[in-house]
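Pasting input-v4.cif here (mmCIF, C-alpha atoms and all ligand atoms):
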data_coords
#
loop_
_atom_site.label_atom_id
_atom_site.label_comp_id
_atom_site.auth_asym_id
_atom_site.auth_seq_id
_atom_site.Cartn_x
_atom_site.Cartn_y
_atom_site.Cartn_z
CA MET A 1343 247.32 9.89 114.68
CA SER A 1344 245.84 8.82 111.37
CA ASN A 1345 248.86 6.64 110.70
CA SER A 1346 247.96 3.34 112.36
CA SER A 1347 251.54 2.47 113.37
CA SER A 1348 251.65 5.53 115.60
CA THR A 1349 248.63 4.58 117.69
CA THR A 1350 250.97 2.43 119.79
CA ILE A 1351 253.19 5.41 120.60
CA PRO A 1352 254.39 5.32 123.25
CA ASP A 1353 254.42 1.53 123.64
CA ALA A 1354 253.39 -0.15 126.89
CA ARG A 1355 256.76 0.59 128.43
CA GLY A 1356 256.79 4.23 127.46
CA HIS A 1357 259.03 4.10 124.39
CA PHE A 1358 258.64 6.69 121.68
CA GLY A 1359 260.65 4.79 119.08
CA PRO A 1360 264.22 4.77 120.44
CA TYR A 1361 263.38 7.39 123.09
CA GLY A 1362 261.72 7.33 126.48
CA GLY A 1363 261.49 4.26 128.71
CA ARG A 1364 262.28 3.89 132.38
CA PHE A 1365 265.88 4.15 133.59
CA VAL A 1366 265.71 4.26 137.38
CA PRO A 1367 267.10 2.48 140.41
CA GLU A 1368 265.19 -0.67 141.32
CA THR A 1369 263.55 0.95 144.34
CA LEU A 1370 261.70 3.33 142.02
CA MET A 1371 260.32 0.65 139.69
CA HIS A 1372 257.50 -0.20 142.05
CA PRO A 1373 256.29 3.37 142.72
CA LEU A 1374 256.42 4.11 138.99
CA GLN A 1375 254.30 1.02 138.31
CA GLU A 1376 251.90 2.04 141.05
CA LEU A 1377 251.63 5.51 139.52
CA GLU A 1378 251.12 4.12 136.04
CA GLU A 1379 248.35 1.78 137.18
CA GLU A 1380 246.58 4.50 139.13
CA TYR A 1381 246.88 6.84 136.16
CA ARG A 1382 245.35 4.22 133.83
CA ARG A 1383 242.46 3.72 136.24
CA ALA A 1384 241.94 7.47 136.59
CA GLN A 1385 241.90 7.93 132.81
CA LYS A 1386 238.95 5.58 132.59
CA ASP A 1387 237.14 7.10 135.57
CA PRO A 1388 234.56 9.77 134.65
CA ALA A 1389 234.73 11.09 138.25
CA PHE A 1390 238.45 11.83 137.82
CA LYS A 1391 237.83 13.62 134.53
CA ARG A 1392 235.09 15.70 136.11
CA GLU A 1393 237.26 16.58 139.10
CA PHE A 1394 240.21 17.55 136.89
CA ALA A 1395 237.97 19.74 134.71
CA TYR A 1396 236.38 21.28 137.81
CA TYR A 1397 239.65 22.49 139.32
CA LEU A 1398 241.04 23.67 136.00
CA ARG A 1399 237.92 25.78 135.57
CA GLU A 1400 237.14 26.97 139.10
CA PHE A 1401 240.62 27.25 140.59
CA CYS A 1402 242.95 27.87 137.64
CA GLY A 1403 240.67 29.96 135.43
CA ARG A 1404 240.28 27.76 132.33
CA PRO A 1405 239.49 28.02 129.51
CA THR A 1406 242.17 30.60 128.74
CA PRO A 1407 241.38 32.98 125.87
CA LEU A 1408 242.70 32.60 122.35
CA TYR A 1409 243.44 36.25 121.78
CA PHE A 1410 243.91 37.96 118.42
CA ALA A 1411 247.13 40.02 118.63
CA GLU A 1412 246.00 42.78 116.31
CA ARG A 1413 248.85 45.25 116.66
CA LEU A 1414 251.56 42.57 116.53
CA THR A 1415 249.90 41.18 113.40
CA ARG A 1416 249.79 44.63 111.77
CA GLU A 1417 253.38 45.45 112.73
CA LEU A 1418 254.73 42.21 111.26
CA GLY A 1419 252.58 42.67 108.16
CA GLY A 1420 251.91 39.02 107.37
CA ALA A 1421 250.04 36.13 108.95
CA LYS A 1422 247.27 36.67 111.48
CA ILE A 1423 248.60 35.96 114.98
CA TYR A 1424 246.66 34.51 117.91
CA LEU A 1425 247.99 34.11 121.46
CA LYS A 1426 246.92 31.18 123.64
CA ARG A 1427 246.83 32.96 126.98
CA GLU A 1428 248.28 30.47 129.47
CA ASP A 1429 249.82 33.54 131.14
CA LEU A 1430 246.37 34.30 132.55
CA LEU A 1431 246.18 31.08 134.56
CA HIS A 1432 246.45 31.07 138.35
CA THR A 1433 250.15 31.19 139.35
CA GLY A 1434 250.98 32.66 135.94
CA ALA A 1435 251.91 29.75 133.69
CA HIS A 1436 250.74 26.46 132.19
CA LYS A 1437 252.49 24.40 134.89
CA ILE A 1438 249.44 24.41 137.16
CA ASN A 1439 247.51 22.22 134.65
CA ASN A 1440 249.86 19.32 135.27
CA CYS A 1441 250.06 19.96 139.01
CA ILE A 1442 246.29 19.72 139.38
CA GLY A 1443 246.25 16.41 137.53
CA GLN A 1444 249.08 14.95 139.60
CA ILE A 1445 247.83 16.10 143.00
CA LEU A 1446 244.48 14.47 142.28
CA LEU A 1447 246.35 11.25 141.47
CA ALA A 1448 248.42 11.56 144.65
CA ARG A 1449 245.22 11.80 146.67
CA ARG A 1450 243.76 8.75 144.94
CA MET A 1451 246.91 6.82 145.89
CA GLY A 1452 246.55 7.93 149.50
CA LYS A 1453 249.83 9.87 149.51
CA THR A 1454 250.20 12.53 152.18
CA ARG A 1455 253.41 14.18 151.09
CA ILE A 1456 254.55 15.82 147.84
CA ILE A 1457 258.08 16.22 146.56
CA ALA A 1458 259.02 18.31 143.52
CA GLU A 1459 262.00 19.82 141.77
CA THR A 1460 262.13 23.33 140.43
CA GLY A 1461 264.50 25.44 138.35
CA ALA A 1462 263.27 29.02 138.20
CA GLY A 1463 260.68 28.20 140.80
CA GLN A 1464 257.58 28.28 138.60
CA HIS A 1465 256.90 24.56 138.95
CA GLY A 1466 257.74 24.77 142.65
CA VAL A 1467 255.20 27.54 143.13
CA ALA A 1468 252.52 25.64 141.18
CA THR A 1469 253.23 22.51 143.24
CA ALA A 1470 253.22 24.38 146.56
CA THR A 1471 249.92 25.93 145.48
CA VAL A 1472 248.09 22.66 144.80
CA ALA A 1473 249.58 21.08 147.93
CA ALA A 1474 248.27 23.97 150.04
CA MET A 1475 244.91 23.72 148.36
CA PHE A 1476 244.53 20.06 149.36
CA GLY A 1477 246.43 20.24 152.66
CA LEU A 1478 249.31 17.94 151.71
CA LYS A 1479 252.83 18.38 153.03
CA CYS A 1480 255.13 19.73 150.31
CA VAL A 1481 258.90 19.74 149.88
CA VAL A 1482 260.49 21.49 146.89
CA CYS A 1483 264.13 20.90 145.90
CA MET A 1484 265.84 23.84 144.28
CA GLY A 1485 269.49 24.45 143.38
CA ALA A 1486 271.22 26.92 145.72
CA VAL A 1487 272.15 29.17 142.80
CA ASP A 1488 268.52 29.19 141.60
CA CYS A 1489 267.31 29.98 145.15
CA GLU A 1490 269.43 33.08 145.06
CA ARG A 1491 268.43 34.08 141.50
CA GLN A 1492 264.73 33.51 142.12
CA GLU A 1493 264.32 34.74 145.67
CA LEU A 1494 260.76 35.90 145.04
CA ASN A 1495 259.61 32.39 144.12
CA VAL A 1496 261.35 30.93 147.18
CA TYR A 1497 259.28 33.28 149.35
CA ARG A 1498 256.11 32.44 147.44
CA MET A 1499 256.63 28.72 148.08
CA LYS A 1500 257.32 29.36 151.76
CA MET A 1501 254.21 31.51 152.10
CA LEU A 1502 252.23 28.62 150.64
CA GLY A 1503 253.57 26.40 153.40
CA ALA A 1504 256.15 24.42 151.43
CA GLU A 1505 259.59 23.53 152.68
CA VAL A 1506 262.27 24.60 150.20
CA VAL A 1507 265.44 22.50 150.17
CA SER A 1508 268.43 24.39 148.82
CA VAL A 1509 270.58 21.88 146.90
CA LYS A 1510 274.29 22.62 147.06
CA ALA A 1511 275.71 19.83 144.86
CA GLY A 1512 277.32 20.33 141.43
CA GLN A 1513 276.14 23.32 139.42
CA GLN A 1514 273.48 23.97 142.10
CA THR A 1515 270.71 24.32 139.53
CA LEU A 1516 267.86 22.23 138.08
CA LYS A 1517 269.71 18.99 137.33
CA GLU A 1518 270.94 18.69 140.90
CA ALA A 1519 267.48 19.60 142.21
CA ILE A 1520 265.98 16.69 140.23
CA ASN A 1521 268.64 14.31 141.62
CA GLU A 1522 267.77 15.40 145.15
CA ALA A 1523 264.03 15.04 144.54
CA MET A 1524 264.56 11.51 143.22
CA ARG A 1525 266.71 10.68 146.24
CA ASP A 1526 263.97 11.93 148.56
CA TRP A 1527 261.36 9.94 146.64
CA VAL A 1528 263.35 6.70 146.97
CA THR A 1529 263.57 7.26 150.73
CA ASN A 1530 259.95 8.28 151.36
CA VAL A 1531 258.15 6.47 148.62
CA ARG A 1532 255.34 5.01 150.74
CA THR A 1533 253.96 8.37 151.79
CA THR A 1534 255.21 10.56 148.97
CA HIS A 1535 254.28 11.37 145.38
CA TYR A 1536 256.82 13.07 143.13
CA ILE A 1537 255.18 15.80 141.00
CA LEU A 1538 257.52 16.08 138.03
CA GLY A 1539 257.07 19.37 136.16
CA THR A 1540 257.40 18.55 132.46
CA VAL A 1541 257.12 15.82 129.78
CA TYR A 1542 260.36 14.28 130.98
CA GLY A 1543 261.65 11.54 133.27
CA ALA A 1544 260.74 7.85 133.53
CA HIS A 1545 257.54 6.41 132.08
CA PRO A 1546 254.69 7.27 132.73
CA TYR A 1547 255.62 10.92 133.34
CA PRO A 1548 256.16 12.04 129.71
CA VAL A 1549 252.85 10.67 128.46
CA MET A 1550 250.94 11.55 131.63
CA VAL A 1551 252.13 15.16 131.77
CA ARG A 1552 251.42 15.57 128.04
CA ASN A 1553 247.88 14.33 128.58
CA PHE A 1554 247.35 16.75 131.48
CA GLN A 1555 248.65 19.60 129.30
CA ARG A 1556 246.75 18.72 126.12
CA VAL A 1557 243.87 20.83 127.43
CA ILE A 1558 245.82 23.76 125.92
CA GLY A 1559 245.62 22.34 122.39
CA ASP A 1560 242.10 20.97 122.80
CA GLU A 1561 240.86 24.43 123.75
CA ALA A 1562 242.90 26.20 121.08
CA ARG A 1563 241.50 23.89 118.41
CA ARG A 1564 237.92 24.56 119.44
CA GLN A 1565 238.56 28.30 119.74
CA ILE A 1566 240.24 28.78 116.36
CA LEU A 1567 237.46 26.81 114.65
CA GLU A 1568 234.94 29.09 116.33
CA LYS A 1569 236.77 32.30 115.40
CA GLU A 1570 238.15 31.48 111.96
CA GLU A 1571 236.14 28.41 110.95
CA ARG A 1572 239.32 26.65 110.01
CA LEU A 1573 242.48 25.14 111.46
CA PRO A 1574 245.62 27.24 111.94
CA ASP A 1575 248.55 26.97 109.51
CA LEU A 1576 251.27 27.17 112.13
CA LEU A 1577 251.69 26.50 115.86
CA ILE A 1578 254.67 27.91 117.71
CA ALA A 1579 255.77 27.23 121.29
CA CYS A 1580 258.96 27.35 123.34
CA VAL A 1581 260.56 24.06 124.42
CA GLY A 1582 262.22 23.58 127.80
CA GLY A 1583 261.39 20.06 128.95
CA GLY A 1584 258.63 20.37 126.41
CA SER A 1585 255.29 20.36 128.24
CA ASN A 1586 253.61 23.56 127.05
CA SER A 1587 254.55 22.79 123.45
CA MET A 1588 253.39 19.14 123.65
CA GLY A 1589 250.18 20.38 125.24
CA LEU A 1590 249.48 22.70 122.32
CA PHE A 1591 250.75 20.42 119.55
CA TYR A 1592 249.32 17.07 120.54
CA PRO A 1593 245.65 17.57 119.56
CA PHE A 1594 246.76 18.83 116.12
CA LEU A 1595 249.25 16.06 115.26
CA LYS A 1596 246.80 14.31 112.93
CA ASP A 1597 246.06 17.49 111.00
CA LYS A 1598 248.62 17.36 108.22
CA SER A 1599 248.01 20.96 107.13
CA VAL A 1600 249.07 22.29 110.54
CA LYS A 1601 252.81 23.00 110.77
CA MET A 1602 254.47 23.07 114.18
CA VAL A 1603 257.65 24.71 115.39
CA GLY A 1604 259.32 24.21 118.77
CA VAL A 1605 261.74 26.92 119.88
CA GLU A 1606 264.68 26.08 122.12
CA ALA A 1607 266.97 28.45 123.98
CA GLY A 1608 269.82 29.60 121.73
CA GLY A 1609 271.45 31.47 124.64
CA GLU A 1610 274.44 33.49 123.50
CA GLY A 1611 274.51 31.61 120.17
CA ILE A 1612 275.10 27.98 119.22
CA ALA A 1613 278.76 28.58 118.29
CA THR A 1614 279.58 29.90 121.79
CA GLY A 1615 278.42 26.63 123.37
CA LYS A 1616 276.42 28.74 125.85
CA HIS A 1617 272.90 27.60 125.01
CA ALA A 1618 270.29 24.95 125.77
CA ALA A 1619 269.36 23.98 122.19
CA ARG A 1620 269.45 20.19 122.54
CA PHE A 1621 268.58 19.63 118.89
CA GLN A 1622 271.53 21.77 117.78
CA GLY A 1623 274.49 19.63 118.75
CA GLY A 1624 272.87 17.32 121.30
CA SER A 1625 272.94 13.55 120.99
CA LEU A 1626 271.17 10.43 122.23
CA GLY A 1627 271.73 9.67 125.89
CA VAL A 1628 270.14 8.73 129.20
CA LEU A 1629 269.53 11.31 131.89
CA GLN A 1630 267.23 11.32 134.91
CA GLY A 1631 265.05 8.37 134.04
CA THR A 1632 264.66 8.56 130.28
CA ARG A 1633 266.49 8.30 126.96
CA SER A 1634 266.39 11.36 124.78
CA TYR A 1635 268.41 14.12 123.17
CA LEU A 1636 270.82 15.79 125.51
CA LEU A 1637 273.82 18.06 125.52
CA GLN A 1638 276.77 15.92 126.58
CA ASP A 1639 280.48 15.67 125.91
CA GLU A 1640 282.27 12.74 124.26
CA PHE A 1641 282.41 10.93 127.61
CA GLY A 1642 278.67 11.27 128.20
CA GLN A 1643 279.17 13.99 130.81
CA VAL A 1644 276.21 16.34 130.77
CA GLN A 1645 277.23 19.77 129.53
CA LEU A 1646 276.61 23.11 131.18
CA THR A 1647 273.74 24.99 129.60
CA HIS A 1648 272.82 28.64 129.44
CA SER A 1649 269.70 30.65 128.75
CA VAL A 1650 268.39 34.03 129.84
CA SER A 1651 265.22 32.14 130.76
CA ALA A 1652 265.64 29.62 133.56
CA GLY A 1653 262.62 27.62 132.39
CA LEU A 1654 264.39 26.64 129.14
CA ASP A 1655 267.79 26.05 130.74
CA TYR A 1656 268.03 22.25 130.91
CA ALA A 1657 270.41 19.82 129.17
CA ALA A 1658 267.75 17.37 127.93
CA VAL A 1659 264.40 17.48 126.15
CA GLY A 1660 261.30 15.30 126.48
CA PRO A 1661 261.47 11.98 124.54
CA GLU A 1662 258.28 12.59 122.53
CA HIS A 1663 259.87 15.70 121.02
CA ALA A 1664 262.88 13.68 119.89
CA TRP A 1665 260.47 11.23 118.27
CA LEU A 1666 258.41 13.96 116.56
CA ARG A 1667 261.58 15.55 115.28
CA ASP A 1668 262.84 12.27 113.77
CA ARG A 1669 259.51 11.86 112.03
CA LYS A 1670 259.72 15.47 110.81
CA ARG A 1671 256.29 16.18 112.24
CA VAL A 1672 257.61 19.10 114.29
CA GLU A 1673 260.43 21.41 113.29
CA TYR A 1674 262.81 22.61 116.01
CA THR A 1675 264.71 25.84 115.98
CA TYR A 1676 266.06 28.30 118.54
CA ALA A 1677 266.00 31.94 119.56
CA THR A 1678 268.96 33.63 121.24
CA ASP A 1679 268.82 35.56 124.51
CA ALA A 1680 269.01 38.83 122.58
CA GLN A 1681 266.18 37.87 120.22
CA ALA A 1682 264.02 36.78 123.16
CA LEU A 1683 264.61 40.11 124.94
CA THR A 1684 263.64 42.06 121.83
CA ALA A 1685 260.47 39.97 121.48
CA PHE A 1686 259.70 40.46 125.18
CA MET A 1687 259.73 44.25 124.82
CA LYS A 1688 257.84 44.09 121.56
CA LEU A 1689 254.90 42.17 123.01
CA ALA A 1690 254.80 44.41 126.08
CA ARG A 1691 254.64 47.59 124.00
CA LEU A 1692 252.47 46.41 121.12
CA GLU A 1693 249.96 44.32 123.01
CA GLY A 1694 250.12 45.39 126.65
CA ILE A 1695 251.19 41.89 127.65
CA ILE A 1696 254.46 41.22 129.50
CA PRO A 1697 255.35 37.64 128.57
CA ALA A 1698 257.56 35.16 130.40
CA LEU A 1699 261.07 35.13 128.95
CA GLU A 1700 260.45 31.50 127.98
CA SER A 1701 257.39 32.46 125.93
CA ALA A 1702 259.33 35.36 124.41
CA HIS A 1703 261.41 32.74 122.55
CA ALA A 1704 258.26 31.65 120.71
CA ILE A 1705 257.39 35.27 119.93
CA ALA A 1706 260.90 35.81 118.54
CA GLU A 1707 260.29 32.97 116.08
CA VAL A 1708 256.96 34.47 115.03
CA MET A 1709 258.72 37.76 114.35
CA LYS A 1710 260.95 35.88 111.88
CA ARG A 1711 258.15 33.93 110.21
CA ALA A 1712 254.97 36.00 110.19
CA PRO A 1713 256.23 38.67 107.73
CA LYS A 1714 257.01 35.96 105.17
CA LEU A 1715 253.53 34.45 105.35
CA GLY A 1716 250.45 35.78 103.55
CA LYS A 1717 247.76 37.71 105.40
CA ASP A 1718 245.42 34.75 104.90
CA LYS A 1719 247.60 32.50 107.09
CA LEU A 1720 246.91 31.81 110.77
CA ILE A 1721 249.49 31.38 113.53
CA ILE A 1722 248.87 30.36 117.13
CA ILE A 1723 251.60 31.13 119.67
CA ASN A 1724 251.48 29.47 123.05
CA LEU A 1725 252.00 32.25 125.57
CA SER A 1726 253.12 29.79 128.24
CA GLY A 1727 253.45 32.28 131.08
CA ARG A 1728 253.54 35.87 132.21
CA GLY A 1729 256.66 37.89 132.80
CA ASP A 1730 256.27 39.22 136.35
CA LYS A 1731 259.02 36.86 137.52
CA ASP A 1732 261.37 38.24 134.85
CA VAL A 1733 260.81 41.95 135.36
CA SER A 1734 263.96 42.80 137.35
CA GLN A 1735 266.20 40.65 135.15
CA VAL A 1736 264.92 42.27 131.96
CA ALA A 1737 265.07 45.78 133.44
CA GLU A 1738 268.78 45.20 134.05
CA LYS A 1739 269.45 43.82 130.57
CA VAL A 1740 267.59 46.49 128.61
CA LYS A 1741 268.87 49.21 130.96
CA LEU A 1742 265.63 50.74 132.17
CA GLU A 1743 266.35 53.39 134.78
CA MET A 1744 264.39 54.51 137.82
CA PRO A 1745 263.05 58.07 137.50
CA LYS A 1746 265.44 60.59 139.07
C1 LIG B 1 258.70 26.04 132.88
C2 LIG B 1 258.27 26.94 131.81
C3 LIG B 1 258.52 26.66 130.44
C4 LIG B 1 259.32 25.48 129.98
O1 LIG B 1 258.80 24.24 130.30
P1 LIG B 1 258.07 23.32 129.24
O2 LIG B 1 257.91 22.03 129.96
O3 LIG B 1 258.95 23.20 128.03
O4 LIG B 1 256.78 23.95 128.90
C5 LIG B 1 258.04 27.54 129.50
N1 LIG B 1 257.35 28.65 129.85
C6 LIG B 1 257.10 28.96 131.13
C7 LIG B 1 256.34 30.19 131.44
C8 LIG B 1 257.54 28.12 132.16
O5 LIG B 1 257.29 28.44 133.44
#
Turn the structure described in the file into structure tokens.
Ligand SMILES: *Cc1c(COP(=O)(O)O)cnc(C)c1O
Amino acid sequence: MSNSSSTTIPDARGHFGPYGGRFVPETLMHPLQELEEEYRRAQKDPAFKREFAYYLREFCGRPTPLYFAERLTRELGGAKIYLKREDLLHTGAHKINNCIGQILLARRMGKTRIIAETGAGQHGVATATVAAMFGLKCVVCMGAVDCERQELNVYRMKMLGAEVVSVKAGQQTLKEAINEAMRDWVTNVRTTHYILGTVYGAHPYPVMVRNFQRVIGDEARRQILEKEERLPDLLIACVGGGSNSMGLFYPFLKDKSVKMVGVEAGGEGIATGKHAARFQGGSLGVLQGTRSYLLQDEFGQVQLTHSVSAGLDYAAVGPEHAWLRDRKRVEYTYATDAQALTAFMKLARLEGIIPALESAHAIAEVMKRAPKLGKDKLIIINLSGRGDKDVSQVAEKVKLEMPK
């Protein structure tokens, strides 16, 4: 950032102002230090950079296009809209970027086994994929309820050779899956690396995952300068843990003219309490290794969350987002389930692209904003993933019928 005080963000212990840090049992302090040191070494090693770039290009299909959404732009009648096509990556979402980076680190550390958590299964599939690719043993923890809801992804992980552990504690969803993954890591830490799926958890995960994902923004910056010979006016991305949005936003943070909006899951509406919009009614707290904004009750008990999109359905948000929000560098808003479904159908029918329900939240926000902006303005939406995984769920909600 141009502001010199922010060059030390996060500080050496992973604090983004009052957020971030490392809140873990003592047995995990050493592996986190080991990871941090290896990551620092890798960052300075040209061979690591080359290897990372090689697999992103040859295996994942980078760079992804920055695609001009002509019909969506015309329909909304305002700003010119570009889509950053992370949906075209291998395994169908941005998550593979981070998984490639972390599996390369795991190999450098001589680990032979990978553990991961997953909610909807997208991160589990990306992790199982990179583990198969390098021949490492892989265990993915997934809530029992999520296993049932996302059967297809469970089978994908199994086909890729991963063991899927169905976690039956508590709500039987993502939070419990993370607890189980951390428990496994504590037990098997000598052989095992934990591939965490977003810009969350104990230091160094938030900063490391952001740096693996910044390839999205680095490419988008280059591409928009090539196509339009100027920077965009507005960046929009959905925010679950916050990795696809941080990846897009980060390389533009210094550019004061570029506005940024993060879109959380508004579920059935903020007033109903059935949502996952941490910045609408959340508060400062510690959960699963870090301090950030989270949805909790007056006793600090983590609240139940809801979203039509499993990838946004988590009670906490990455610490760097909380920091950027305090500094008013990024604005955070939400889209409801209904708005996301409308946006989902709109993109499918106007552009021939079926988006992930998560990404549809970002499109919903563009539908609100683009018409109010002049035709000379430029918007980039991060299309974080494709919607194949969501097809049956959406078909049910919008009542599409099989031909008779
Ligand atoms: C997991 C996921 C998200 C949410 O995670 P972030 O870390 O906030 O990016 C968004 N979109 C898709 C397609 C996902 O799979």
- [ ] List all protein, DNA and RNA residues that have at least one atom no more than 9 Å from any atom of ligand LIG 1 (chain B), counting all atoms listed in the file, and write them as an NGL selection string.
- [x] :A and (1428-1429 or 1434-1437 or 1460-1465 or 1539-1542 or 1579-1589 or 1606 or 1651-1655 or 1659-1660 or 1697-1702 or 1725-1729)
Selection export as a PDB file, keeping the file's coordinate frame, atoms kept: C-alpha atoms:
ATOM      1  CA  GLU A1428     248.280  30.470 129.470  1.00  0.00           C
ATOM      2  CA  ASP A1429     249.820  33.540 131.140  1.00  0.00           C
ATOM      3  CA  GLY A1434     250.980  32.660 135.940  1.00  0.00           C
ATOM      4  CA  ALA A1435     251.910  29.750 133.690  1.00  0.00           C
ATOM      5  CA  HIS A1436     250.740  26.460 132.190  1.00  0.00           C
ATOM      6  CA  LYS A1437     252.490  24.400 134.890  1.00  0.00           C
ATOM      7  CA  THR A1460     262.130  23.330 140.430  1.00  0.00           C
ATOM      8  CA  GLY A1461     264.500  25.440 138.350  1.00  0.00           C
ATOM      9  CA  ALA A1462     263.270  29.020 138.200  1.00  0.00           C
ATOM     10  CA  GLY A1463     260.680  28.200 140.800  1.00  0.00           C
ATOM     11  CA  GLN A1464     257.580  28.280 138.600  1.00  0.00           C
ATOM     12  CA  HIS A1465     256.900  24.560 138.950  1.00  0.00           C
ATOM     13  CA  GLY A1539     257.070  19.370 136.160  1.00  0.00           C
ATOM     14  CA  THR A1540     257.400  18.550 132.460  1.00  0.00           C
ATOM     15  CA  VAL A1541     257.120  15.820 129.780  1.00  0.00           C
ATOM     16  CA  TYR A1542     260.360  14.280 130.980  1.00  0.00           C
ATOM     17  CA  ALA A1579     255.770  27.230 121.290  1.00  0.00           C
ATOM     18  CA  CYS A1580     258.960  27.350 123.340  1.00  0.00           C
ATOM     19  CA  VAL A1581     260.560  24.060 124.420  1.00  0.00           C
ATOM     20  CA  GLY A1582     262.220  23.580 127.800  1.00  0.00           C
ATOM     21  CA  GLY A1583     261.390  20.060 128.950  1.00  0.00           C
ATOM     22  CA  GLY A1584     258.630  20.370 126.410  1.00  0.00           C
ATOM     23  CA  SER A1585     255.290  20.360 128.240  1.00  0.00           C
ATOM     24  CA  ASN A1586     253.610  23.560 127.050  1.00  0.00           C
ATOM     25  CA  SER A1587     254.550  22.790 123.450  1.00  0.00           C
ATOM     26  CA  MET A1588     253.390  19.140 123.650  1.00  0.00           C
ATOM     27  CA  GLY A1589     250.180  20.380 125.240  1.00  0.00           C
ATOM     28  CA  GLU A1606     264.680  26.080 122.120  1.00  0.00           C
ATOM     29  CA  SER A1651     265.220  32.140 130.760  1.00  0.00           C
ATOM     30  CA  ALA A1652     265.640  29.620 133.560  1.00  0.00           C
ATOM     31  CA  GLY A1653     262.620  27.620 132.390  1.00  0.00           C
ATOM     32  CA  LEU A1654     264.390  26.640 129.140  1.00  0.00           C
ATOM     33  CA  ASP A1655     267.790  26.050 130.740  1.00  0.00           C
ATOM     34  CA  VAL A1659     264.400  17.480 126.150  1.00  0.00           C
ATOM     35  CA  GLY A1660     261.300  15.300 126.480  1.00  0.00           C
ATOM     36  CA  PRO A1697     255.350  37.640 128.570  1.00  0.00           C
ATOM     37  CA  ALA A1698     257.560  35.160 130.400  1.00  0.00           C
ATOM     38  CA  LEU A1699     261.070  35.130 128.950  1.00  0.00           C
ATOM     39  CA  GLU A1700     260.450  31.500 127.980  1.00  0.00           C
ATOM     40  CA  SER A1701     257.390  32.460 125.930  1.00  0.00           C
ATOM     41  CA  ALA A1702     259.330  35.360 124.410  1.00  0.00           C
ATOM     42  CA  LEU A1725     252.000  32.250 125.570  1.00  0.00           C
ATOM     43  CA  SER A1726     253.120  29.790 128.240  1.00  0.00           C
ATOM     44  CA  GLY A1727     253.450  32.280 131.080  1.00  0.00           C
ATOM     45  CA  ARG A1728     253.540  35.870 132.210  1.00  0.00           C
ATOM     46  CA  GLY A1729     256.660  37.890 132.800  1.00  0.00           C
TER      47      GLY A1729
END
TODO: Rank nothing, just name the residue among A:Asp1679, A:Glu1693, A:Glu1393, A:Glu1368 nearest to Val1736 of chain A, using all atoms listed in the file.
DONE: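 Ranking A:Asp1679, A:Glu1693, A:Glu1393, A:Glu1368 by distance to Val1736 of chain A, first place goes to A:Asp1679.
The shortest atom-to-atom distance to Tyr1547 of chain A, with only C-alpha atoms taken into account, belongs to A:Gly1443 out of A:Pro1713, A:Gly1443, A:Pro1367, A:Pro1405.
Interatomic distance, atom CA of Ile1423 of chain A against atom CA of Val1605 of chain A: 16.7 Å.
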Open item on the list: Could you check the closest approach to Arg1382 of chain A for each of A:Ile1705, A:Leu1414, A:Val1549, A:Ala1523 and tell me which residue wins, using only C-alpha atoms?
Closed with: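 Under the stated criterion, the closest residue is A:Val1549.
Relative to atom CA of Asn1495 of chain A, atom CA of Val1467 of chain A is found at 6.6 Å.
Candidate residues A:Thr1454, A:Thr1433, A:Thr1647, A:Thr1675 were compared for distance to Gly1466 of chain A, and the nearest is A:Thr1433, using all atoms listed in the file.
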Which residues, protein or nucleic acid, reach to within 9 Å of (251.6, 16.7, 143.8) in the file's coordinates when using only C-alpha atoms, and can you give that as an mmCIF file with C-alpha atoms, in the coordinates of the input?
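Now in result_24.cif:
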data_model
loop_
_atom_site.group_PDB
_atom_site.id
_atom_site.type_symbol
_atom_site.label_atom_id
_atom_site.label_comp_id
_atom_site.auth_asym_id
_atom_site.auth_seq_id
_atom_site.Cartn_x
_atom_site.Cartn_y
_atom_site.Cartn_z
ATOM 1 C CA CYS A 1441 250.060 19.960 139.010
ATOM 2 C CA ILE A 1442 246.290 19.720 139.380
ATOM 3 C CA GLY A 1443 246.250 16.410 137.530
ATOM 4 C CA GLN A 1444 249.080 14.950 139.600
ATOM 5 C CA ILE A 1445 247.830 16.100 143.000
ATOM 6 C CA LEU A 1446 244.480 14.470 142.280
ATOM 7 C CA LEU A 1447 246.350 11.250 141.470
ATOM 8 C CA ALA A 1448 248.420 11.560 144.650
ATOM 9 C CA ARG A 1449 245.220 11.800 146.670
ATOM 10 C CA ARG A 1455 253.410 14.180 151.090
ATOM 11 C CA ILE A 1456 254.550 15.820 147.840
ATOM 12 C CA ILE A 1457 258.080 16.220 146.560
ATOM 13 C CA ALA A 1458 259.020 18.310 143.520
ATOM 14 C CA THR A 1469 253.230 22.510 143.240
ATOM 15 C CA ALA A 1470 253.220 24.380 146.560
ATOM 16 C CA VAL A 1472 248.090 22.660 144.800
ATOM 17 C CA ALA A 1473 249.580 21.080 147.930
ATOM 18 C CA LEU A 1478 249.310 17.940 151.710
ATOM 19 C CA CYS A 1480 255.130 19.730 150.310
ATOM 20 C CA THR A 1534 255.210 10.560 148.970
ATOM 21 C CA HIS A 1535 254.280 11.370 145.380
ATOM 22 C CA TYR A 1536 256.820 13.070 143.130
ATOM 23 C CA ILE A 1537 255.180 15.800 141.000
ATOM 24 C CA LEU A 1538 257.520 16.080 138.030
#
Open item on the list: Counting all atoms listed in the file, which residues have an atom no more than 9 Å from (254.3, 41.6, 110.0) in the file's coordinates? Please list them as a ChimeraX atom specification.
Closed with: /A:1414-1422,1709-1715,1717
TODO: Would you mind listing what lies within 8 Å of segment 1619-1630 of chain A as a list in words, with only C-alpha atoms counted and same-chain residues fewer than 4 positions away left out?
DONE: Phe1365, Val1366, Ile1520, Asn1521, Gly1543, Ala1544, Glu1606, Ala1607, Gly1608, Ile1612, Ser1634, Tyr1635, Leu1636, Leu1637, Gln1638, Gly1642, Ala1657, Ala1658, Val1659, Tyr1674, Thr1675 and Tyr1676 of chain A
